[in-house]
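Comments concern the structure below.
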Amino acid sequence: MTLRSLYDQPAGNFREDLVRVGRGTPMGELLRRYWHPVALADEATATPRLVQALGEELVLFRDGSGRPGLLHPRCCHRGTSLVYGRVEQDGLRCCYHGWKFGVDGACLDQPCEAEGGRQRQRVRQPGYEVQERYGLIFAYMGPPDRRPLLPRYRELEELAPGEMLDTDGTGLGSGGWGTVPCSWMQHFENVMDPFHVPILHGAFSGAQFVAEMAVMPEVTFETTPRGVLSTQIRALPDGRRLTRVTEACFPTLRVVPSPRLGEGGRVESIGWVLPLNDTHFRILVSGRARERGELGQMRSRYNGKAWTEMTEAEHRDFPGDWEAQVGQGAITLHSEENLATSDRGVAMLRRVWLREAERVARGEDPAGVVREGDPMVVFAAGNFFA
Ligand code: FES
Ligand SMILES: [Fe+2]
């Protein structure tokens with residue numbers, strides 16, 4: 001048998017239309033038709049900070065009245081970065097000549113001009129509208145006349161006695177701000193890849209969650225009005241039957257019930273996969289918990305260590321989602337993949353997201369966009385025992 005020489009292997013390329021998130025790209029324009037959490041609510045403070053979303057850099061702050069603001073960093077006077085500005089009761093003041101902007105971008109003061117700037121209402125600092133909900137700061141970065149309502153999610157609205165909403169932004173064990181150095185799509189399509197669970201999380205690295213997850217499930221995939229859905233049925237060794245339902249929803253929602261199973265029931269949390277740019281993402285999670293900080297503590301530990309504390313050898317011994325997805329490269333080479341039958345969920349997700357991007361390109365609204373009433377999204381996701 002002759003080895004297929006690497007010398008003859010083409011360099012390969014990726015699906016630009018699938019992974020690019022900048023303005024004017026197919027996926028970038030699709031994503032700009034929805035609200036995205038760009039930070040945890042706790043990260044909007046009196047200290048302005050740079051955040052990234054969909055390939056754009058923005059300044060996030062919270063004024064003295066508690067209102068979050070998200071403005072373009074470049075001051076509309078002569079361009080100094082507002083990240084060096086200072087927050088006041090009603091806005092953010094630029095360090096250079098002291099122009100002050102409200103969270104809506106209105107220029108409130110020009111101290112070098114007579115009377116604080118008689119013409120100041122003529123200039124406006126650009127930015128994006130934000131809303132605070134579920135412990136997250138949501139921004140709408142698309143065409144203003146296409147702005148949808150920020151949806152409500154039943155799973156985050158109906159809390160049982162003793163439950164509270166908790167958030168986490170350290171996703172994939174990367175710690176701190178939780179920036180993961182690869183395309184958001186590599187993580188997102190993993191939501192429709194239930195076959196990696198018994199391998200990567202159930203066998204290869206030992207039982208990263210619970211022993212039941214090592215059982216190879218019977219899997220089906222289907223499309224829903226809100227995205228794609230997978231049902232995984234496992235015959236457990238103790239005779240019970242576990243039906244696990246996971247969903248990927250527009251725009252970037254990862255609706256995955258706890259892999260630790262517990263007593264089962266409806267999905268506990270929603271993770272938004274925020275593309276920071278084409279090659280970095282962050283996961284922002286909001287969910288029901290018994291105490292604050294619980295969501296961030298659910299991550300797998302090895303030798304009692306969190307992911308960031310592990311040595312290189314331990315990463316090798318115990319690879320998880322971070323290693324598997326970042327290991328595909330900053331942007332995976334779609335032209336060099338060999339998709340098999342177990343990848344049909346991944347293929348379905350890509351197809352459905354590209355279909356909606358085409359609708360946006362035709363001038364239509366994409367799936368899940370609602371502009372009237374008080375839309376409540378109800379998921380089917382959960383762990384159900386029988
Ligand atoms: S550059 Fe911001 S006030 Fe002059
Ligand atoms: Fe995983």
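Convention: chains lettered A, B, ... in structure tokens order; per-chain residue numbering from 1; ligands numbered from 1 as shown.
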_Give me, as number ranges by chain, the set of residues whose atoms come within 12 Å of any atom of ligand 2, counting only C-alpha atoms and all ligand atoms._
A: 171-173, 186-202, 205, 208-209, 213, 254, 256, 258-259, 299-300, 319-325
_8 Å shell around ligand 1 using only C-alpha atoms and all ligand atoms, listed as a ChimeraX atom specification_ = /A:74-82,93-100,110
*Which one is closest to Tyr302 in chain A: A:Ala207, A:Leu92, A:Met348, A:Glu29? Count only C-alpha atoms.*
A:Ala207
*Any idea what's packed within 8 Å of range 219-226 of chain A, counting only C-alpha atoms, ignoring anything in its chain fewer than 3 positions away? Could you give it as a PyMOL selection string?*
chain A and resi 194+229-233+249-250+344-345+348+352+367-368
Write out, as a tab-separated table, each residue of range 78-146 of chain A that has an atom at most 12 Å from range 33-42 of chain A, together with the closest pair of atoms and their distance in Å to one decimal, counting only C-alpha atoms, rows going by chain and rising number.
```
residue	atom	partner	partner_atom	distance
A:Tyr128	CA	A:Trp35	CA	10.5
A:Glu129	CA	A:Trp35	CA	9.6
A:Val130	CA	A:Trp35	CA	8.6
A:Gln131	CA	A:Trp35	CA	9.0
A:Glu132	CA	A:Ala41	CA	6.9
A:Arg133	CA	A:Ala41	CA	8.2
A:Tyr134	CA	A:Ala41	CA	8.5
A:Gly135	CA	A:Ala41	CA	5.1
A:Leu136	CA	A:Leu40	CA	4.4
A:Ile137	CA	A:Pro37	CA	5.2
A:Phe138	CA	A:Pro37	CA	4.0
A:Ala139	CA	A:Trp35	CA	5.4
A:Tyr140	CA	A:Trp35	CA	4.6
A:Met141	CA	A:Trp35	CA	7.4
A:Gly142	CA	A:Arg33	CA	5.5
A:Pro143	CA	A:Arg33	CA	7.5
A:Pro144	CA	A:Arg33	CA	9.4
A:Asp145	CA	A:Arg33	CA	10.2
A:Arg146	CA	A:Arg33	CA	6.8
```
Expected file: the selected residues, C-alpha atoms, as a PDB file, in the first residue's frame:
```
ATOM      1  CA  TYR A 128     -24.882  50.379  19.325  1.00  0.00           C
ATOM      2  CA  GLU A 129     -28.038  50.079  21.337  1.00  0.00           C
ATOM      3  CA  VAL A 130     -27.776  47.793  24.357  1.00  0.00           C
ATOM      4  CA  GLN A 131     -30.213  46.085  26.710  1.00  0.00           C
ATOM      5  CA  GLU A 132     -29.423  44.398  29.980  1.00  0.00           C
ATOM      6  CA  ARG A 133     -31.167  41.085  30.626  1.00  0.00           C
ATOM      7  CA  TYR A 134     -30.421  37.722  32.258  1.00  0.00           C
ATOM      8  CA  GLY A 135     -27.196  39.144  33.713  1.00  0.00           C
ATOM      9  CA  LEU A 136     -25.854  39.931  30.238  1.00  0.00           C
ATOM     10  CA  ILE A 137     -25.394  43.061  28.113  1.00  0.00           C
ATOM     11  CA  PHE A 138     -27.073  42.495  24.743  1.00  0.00           C
ATOM     12  CA  ALA A 139     -26.198  44.658  21.732  1.00  0.00           C
ATOM     13  CA  TYR A 140     -27.878  45.041  18.368  1.00  0.00           C
ATOM     14  CA  MET A 141     -25.258  45.745  15.693  1.00  0.00           C
ATOM     15  CA  GLY A 142     -27.349  45.554  12.523  1.00  0.00           C
ATOM     16  CA  PRO A 143     -29.364  47.922  10.337  1.00  0.00           C
ATOM     17  CA  PRO A 144     -31.486  50.057  12.720  1.00  0.00           C
ATOM     18  CA  ASP A 145     -34.680  49.606  10.694  1.00  0.00           C
ATOM     19  CA  ARG A 146     -34.347  45.795  10.948  1.00  0.00           C
TER      20      ARG A 146
END
```
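Each of A:Gly327, A:Leu31, A:Glu309, A:Gly55 was checked against Leu253 in chain A using only C-alpha atoms; the smallest atom-to-atom distance is that of A:Leu31.
The neighbours of Leu108 in chain A here are the residues that come within 10 Å of it, using only C-alpha atoms and leaving out any residue fewer than 3 positions away in the same chain; they are Asp90, Gly91, Leu92, Arg93, Trp99, Lys100, Phe101, Gly102, Gly105, Pro111, Gly116, Gly117, Arg120, Gln121, Val123 and Arg124 of chain A.
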Include N, CA and C atoms and write out the residues we just selected as a PDB file, in the first residue's frame.
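Output contents, as saved in part.pdb:
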```
ATOM      1  N   ASP A  90     -23.783  61.090  33.756  1.00  0.00           N
ATOM      2  CA  ASP A  90     -24.639  60.953  32.581  1.00  0.00           C
ATOM      3  C   ASP A  90     -23.887  60.554  31.321  1.00  0.00           C
ATOM      4  N   GLY A  91     -22.635  60.115  31.415  1.00  0.00           N
ATOM      5  CA  GLY A  91     -21.955  59.703  30.201  1.00  0.00           C
ATOM      6  C   GLY A  91     -20.472  59.483  30.372  1.00  0.00           C
ATOM      7  N   LEU A  92     -19.781  59.468  29.243  1.00  0.00           N
ATOM      8  CA  LEU A  92     -18.351  59.170  29.182  1.00  0.00           C
ATOM      9  C   LEU A  92     -17.640  60.375  28.574  1.00  0.00           C
ATOM     10  N   ARG A  93     -16.617  60.886  29.297  1.00  0.00           N
ATOM     11  CA  ARG A  93     -15.926  62.087  28.845  1.00  0.00           C
ATOM     12  C   ARG A  93     -14.573  61.714  28.250  1.00  0.00           C
ATOM     13  N   TRP A  99     -14.810  66.277  25.500  1.00  0.00           N
ATOM     14  CA  TRP A  99     -16.187  66.117  25.016  1.00  0.00           C
ATOM     15  C   TRP A  99     -16.832  64.958  25.772  1.00  0.00           C
ATOM     16  N   LYS A 100     -18.084  65.158  26.121  1.00  0.00           N
ATOM     17  CA  LYS A 100     -18.785  64.123  26.902  1.00  0.00           C
ATOM     18  C   LYS A 100     -19.944  63.564  26.095  1.00  0.00           C
ATOM     19  N   PHE A 101     -20.086  62.238  26.138  1.00  0.00           N
ATOM     20  CA  PHE A 101     -21.130  61.550  25.376  1.00  0.00           C
ATOM     21  C   PHE A 101     -22.018  60.716  26.290  1.00  0.00           C
ATOM     22  N   GLY A 102     -23.315  60.812  26.069  1.00  0.00           N
ATOM     23  CA  GLY A 102     -24.256  59.955  26.786  1.00  0.00           C
ATOM     24  C   GLY A 102     -24.233  58.547  26.223  1.00  0.00           C
ATOM     25  N   GLY A 105     -24.900  58.286  22.708  1.00  0.00           N
ATOM     26  CA  GLY A 105     -23.977  58.943  21.789  1.00  0.00           C
ATOM     27  C   GLY A 105     -24.158  60.449  21.703  1.00  0.00           C
ATOM     28  N   PRO A 111     -16.174  71.328  26.611  1.00  0.00           N
ATOM     29  CA  PRO A 111     -15.685  72.354  27.541  1.00  0.00           C
ATOM     30  C   PRO A 111     -14.744  73.381  26.910  1.00  0.00           C
ATOM     31  N   GLY A 116     -20.092  75.532  26.538  1.00  0.00           N
ATOM     32  CA  GLY A 116     -20.083  74.064  26.465  1.00  0.00           C
ATOM     33  C   GLY A 116     -20.460  73.540  25.083  1.00  0.00           C
ATOM     34  N   GLY A 117     -20.316  74.417  24.056  1.00  0.00           N
ATOM     35  CA  GLY A 117     -20.582  73.960  22.688  1.00  0.00           C
ATOM     36  C   GLY A 117     -21.996  74.236  22.233  1.00  0.00           C
ATOM     37  N   ARG A 120     -23.118  71.590  19.817  1.00  0.00           N
ATOM     38  CA  ARG A 120     -22.744  70.207  20.184  1.00  0.00           C
ATOM     39  C   ARG A 120     -23.780  69.162  19.761  1.00  0.00           C
ATOM     40  N   GLN A 121     -25.046  69.572  19.624  1.00  0.00           N
ATOM     41  CA  GLN A 121     -26.049  68.585  19.201  1.00  0.00           C
ATOM     42  C   GLN A 121     -25.875  68.173  17.734  1.00  0.00           C
ATOM     43  N   VAL A 123     -23.098  66.921  16.541  1.00  0.00           N
ATOM     44  CA  VAL A 123     -22.240  65.726  16.457  1.00  0.00           C
ATOM     45  C   VAL A 123     -22.816  64.636  17.352  1.00  0.00           C
ATOM     46  N   ARG A 124     -22.512  63.433  16.991  1.00  0.00           N
ATOM     47  CA  ARG A 124     -23.002  62.283  17.754  1.00  0.00           C
ATOM     48  C   ARG A 124     -21.961  61.186  17.691  1.00  0.00           C
TER      49      ARG A 124
END
```
*Figure out the distance between CA of Val21 in chain A and CA of Leu58 in chain A, please, to one decimal in Å.*
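Going from CA of Leu58 in chain A over to CA of Val21 in chain A covers 15.4 Å.
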*Looking only at the backbone, which of the residues in range 175-323 of chain A does DSSP tag as strand (DSSP E), as a PyMOL selection string?*
chain A and resi 218-224+227-235+241-249+253-255+265-266+269-277+280-289
Writing out the chosen residues with N, CA and C atoms as a CSV table (one decimal), in the first residue's frame:
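Written file, again.csv:
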```
chain,number,residue,atom,x,y,z
A,218,GLU,N,-28.2,6.5,20.3
A,218,GLU,CA,-28.9,6.5,19.0
A,218,GLU,C,-29.3,7.9,18.8
A,219,VAL,N,-29.0,8.5,17.6
A,219,VAL,CA,-29.1,9.9,17.4
A,219,VAL,C,-29.9,10.2,16.2
A,220,THR,N,-30.8,11.2,16.4
A,220,THR,CA,-31.5,11.8,15.2
A,220,THR,C,-31.3,13.3,15.2
A,221,PHE,N,-31.4,13.9,14.0
A,221,PHE,CA,-31.3,15.4,13.9
A,221,PHE,C,-32.5,15.9,13.1
A,222,GLU,N,-33.0,17.1,13.5
A,222,GLU,CA,-34.1,17.7,12.7
A,222,GLU,C,-33.9,19.2,12.7
A,223,THR,N,-34.6,19.8,11.8
A,223,THR,CA,-34.6,21.3,11.8
A,223,THR,C,-35.9,21.7,12.6
A,224,THR,N,-35.8,22.9,13.2
A,224,THR,CA,-36.9,23.5,14.0
A,224,THR,C,-37.0,24.9,13.5
A,227,GLY,N,-33.9,26.7,14.7
A,227,GLY,CA,-32.5,26.2,14.4
A,227,GLY,C,-32.5,24.7,14.1
A,228,VAL,N,-31.6,24.0,14.7
A,228,VAL,CA,-31.6,22.5,14.6
A,228,VAL,C,-31.5,21.8,15.9
A,229,LEU,N,-32.0,20.6,15.9
A,229,LEU,CA,-32.2,19.9,17.2
A,229,LEU,C,-31.7,18.5,17.0
A,230,SER,N,-31.1,17.9,18.1
A,230,SER,CA,-30.6,16.6,18.1
A,230,SER,C,-31.2,15.8,19.3
A,231,THR,N,-31.7,14.6,19.0
A,231,THR,CA,-32.2,13.7,20.1
A,231,THR,C,-31.3,12.5,20.2
A,232,GLN,N,-30.8,12.3,21.4
A,232,GLN,CA,-29.8,11.2,21.7
A,232,GLN,C,-30.4,10.3,22.7
A,233,ILE,N,-30.6,9.0,22.3
A,233,ILE,CA,-31.2,8.1,23.2
A,233,ILE,C,-30.2,7.1,23.7
A,234,ARG,N,-30.1,6.9,25.0
A,234,ARG,CA,-29.1,6.0,25.5
A,234,ARG,C,-29.8,4.9,26.4
A,235,ALA,N,-29.5,3.6,26.1
A,235,ALA,CA,-30.0,2.6,27.0
A,235,ALA,C,-28.9,2.4,28.1
A,241,ARG,N,-33.7,4.5,30.5
A,241,ARG,CA,-33.5,5.1,29.2
A,241,ARG,C,-33.4,6.6,29.3
A,242,LEU,N,-32.3,7.1,28.8
A,242,LEU,CA,-32.0,8.5,28.8
A,242,LEU,C,-32.3,9.1,27.5
A,243,THR,N,-33.2,10.1,27.4
A,243,THR,CA,-33.4,10.8,26.2
A,243,THR,C,-32.8,12.2,26.4
A,244,ARG,N,-31.8,12.5,25.6
A,244,ARG,CA,-31.1,13.8,25.8
A,244,ARG,C,-31.4,14.7,24.5
A,245,VAL,N,-31.9,15.9,24.7
A,245,VAL,CA,-32.2,16.7,23.6
A,245,VAL,C,-31.4,18.0,23.6
A,246,THR,N,-30.6,18.2,22.6
A,246,THR,CA,-29.8,19.5,22.5
A,246,THR,C,-30.2,20.3,21.3
A,247,GLU,N,-30.0,21.6,21.4
A,247,GLU,CA,-30.5,22.5,20.3
A,247,GLU,C,-29.4,23.5,20.0
A,248,ALA,N,-29.3,23.9,18.7
A,248,ALA,CA,-28.5,25.0,18.3
A,248,ALA,C,-29.6,26.0,17.7
A,249,CYS,N,-29.6,27.2,18.2
A,249,CYS,CA,-30.7,28.1,17.8
A,249,CYS,C,-30.1,29.5,17.3
A,253,LEU,N,-27.1,30.4,19.7
A,253,LEU,CA,-27.4,29.8,21.0
A,253,LEU,C,-27.1,28.3,21.1
A,254,ARG,N,-26.4,28.0,22.1
A,254,ARG,CA,-26.0,26.6,22.4
A,254,ARG,C,-26.9,26.2,23.6
A,255,VAL,N,-27.9,25.4,23.3
A,255,VAL,CA,-28.9,25.0,24.3
A,255,VAL,C,-28.6,23.5,24.6
A,265,GLY,N,-34.4,16.7,33.5
A,265,GLY,CA,-35.4,17.8,33.4
A,265,GLY,C,-35.0,18.8,32.3
A,266,ARG,N,-35.7,19.9,32.2
A,266,ARG,CA,-35.5,20.8,31.1
A,266,ARG,C,-34.1,21.5,31.2
A,269,SER,N,-29.4,26.0,31.2
A,269,SER,CA,-28.7,27.2,30.8
A,269,SER,C,-28.7,27.4,29.3
A,270,ILE,N,-28.4,28.6,28.9
A,270,ILE,CA,-28.2,28.9,27.5
A,270,ILE,C,-26.8,29.5,27.3
A,271,GLY,N,-26.0,29.0,26.4
A,271,GLY,CA,-24.7,29.6,26.1
A,271,GLY,C,-24.8,30.3,24.8
A,272,TRP,N,-24.4,31.6,24.8
A,272,TRP,CA,-24.3,32.3,23.5
A,272,TRP,C,-22.8,32.3,23.0
A,273,VAL,N,-22.6,31.8,21.8
A,273,VAL,CA,-21.2,31.7,21.3
A,273,VAL,C,-21.0,33.1,20.6
A,274,LEU,N,-20.2,33.9,21.2
A,274,LEU,CA,-20.0,35.3,20.6
A,274,LEU,C,-18.8,35.3,19.7
A,275,PRO,N,-18.9,35.5,18.4
A,275,PRO,CA,-17.7,35.6,17.6
A,275,PRO,C,-17.1,37.0,17.9
A,276,LEU,N,-15.9,37.0,18.4
A,276,LEU,CA,-15.1,38.3,18.7
A,276,LEU,C,-14.6,38.8,17.4
A,277,ASN,N,-14.1,37.9,16.6
A,277,ASN,CA,-13.7,38.2,15.2
A,277,ASN,C,-13.7,36.8,14.5
A,280,HIS,N,-11.5,34.2,16.8
A,280,HIS,CA,-11.6,34.1,18.3
A,280,HIS,C,-13.1,34.2,18.7
A,281,PHE,N,-13.5,33.5,19.7
A,281,PHE,CA,-14.8,33.6,20.2
A,281,PHE,C,-14.8,33.5,21.8
A,282,ARG,N,-16.0,33.8,22.3
A,282,ARG,CA,-16.1,33.8,23.8
A,282,ARG,C,-17.5,33.2,24.0
A,283,ILE,N,-17.7,32.4,25.0
A,283,ILE,CA,-19.0,31.9,25.4
A,283,ILE,C,-19.6,32.6,26.6
A,284,LEU,N,-20.8,33.2,26.4
A,284,LEU,CA,-21.5,33.8,27.6
A,284,LEU,C,-22.7,33.0,27.9
A,285,VAL,N,-22.8,32.6,29.2
A,285,VAL,CA,-23.8,31.7,29.6
A,285,VAL,C,-24.7,32.4,30.7
A,286,SER,N,-26.0,32.1,30.6
A,286,SER,CA,-26.9,32.5,31.6
A,286,SER,C,-27.7,31.3,31.9
A,287,GLY,N,-28.0,31.0,33.2
A,287,GLY,CA,-28.7,29.8,33.5
A,287,GLY,C,-29.2,29.8,35.0
A,288,ARG,N,-30.1,28.8,35.2
A,288,ARG,CA,-30.6,28.7,36.6
A,288,ARG,C,-29.6,27.9,37.4
A,289,ALA,N,-29.5,28.4,38.7
A,289,ALA,CA,-28.5,27.8,39.6
A,289,ALA,C,-29.0,27.9,41.0
```
Mind running range 7-35 of chain A against range 331-343 of chain A at 10 Å and telling me each contacting residue's nearest atom pair with the distance in Å (one decimal), counting only C-alpha atoms, chain and number ascending, as a Markdown table?
```
| residue | atom | partner | partner_atom | distance |
| --- | --- | --- | --- | --- |
| A:Gln9 | CA | A:Glu336 | CA | 9.1 |
| A:Pro10 | CA | A:Glu336 | CA | 8.2 |
| A:Ala11 | CA | A:Glu336 | CA | 8.5 |
| A:Gly12 | CA | A:Ser335 | CA | 5.5 |
| A:Asn13 | CA | A:Leu333 | CA | 5.0 |
| A:Phe14 | CA | A:Leu333 | CA | 4.6 |
| A:Arg15 | CA | A:His334 | CA | 6.2 |
| A:Glu16 | CA | A:His334 | CA | 9.7 |
| A:Leu18 | CA | A:His334 | CA | 9.8 |
| A:Val19 | CA | A:Ile331 | CA | 7.8 |
| A:Arg20 | CA | A:Ile331 | CA | 9.7 |
```
*Could you find all residues in range 161-264 of chain A that DSSP calls alpha helix (DSSP H) from the backbone, and write them as a PyMOL selection string?*
chain A and resi 184-188+196
*Of the candidates A:Gln125, A:Arg32, A:Gly22, A:Val326, which one gets nearest to Val360 in chain A if we count only C-alpha atoms?*
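When distances to Val360 in chain A are compared using only C-alpha atoms, the smallest one comes from A:Arg32.
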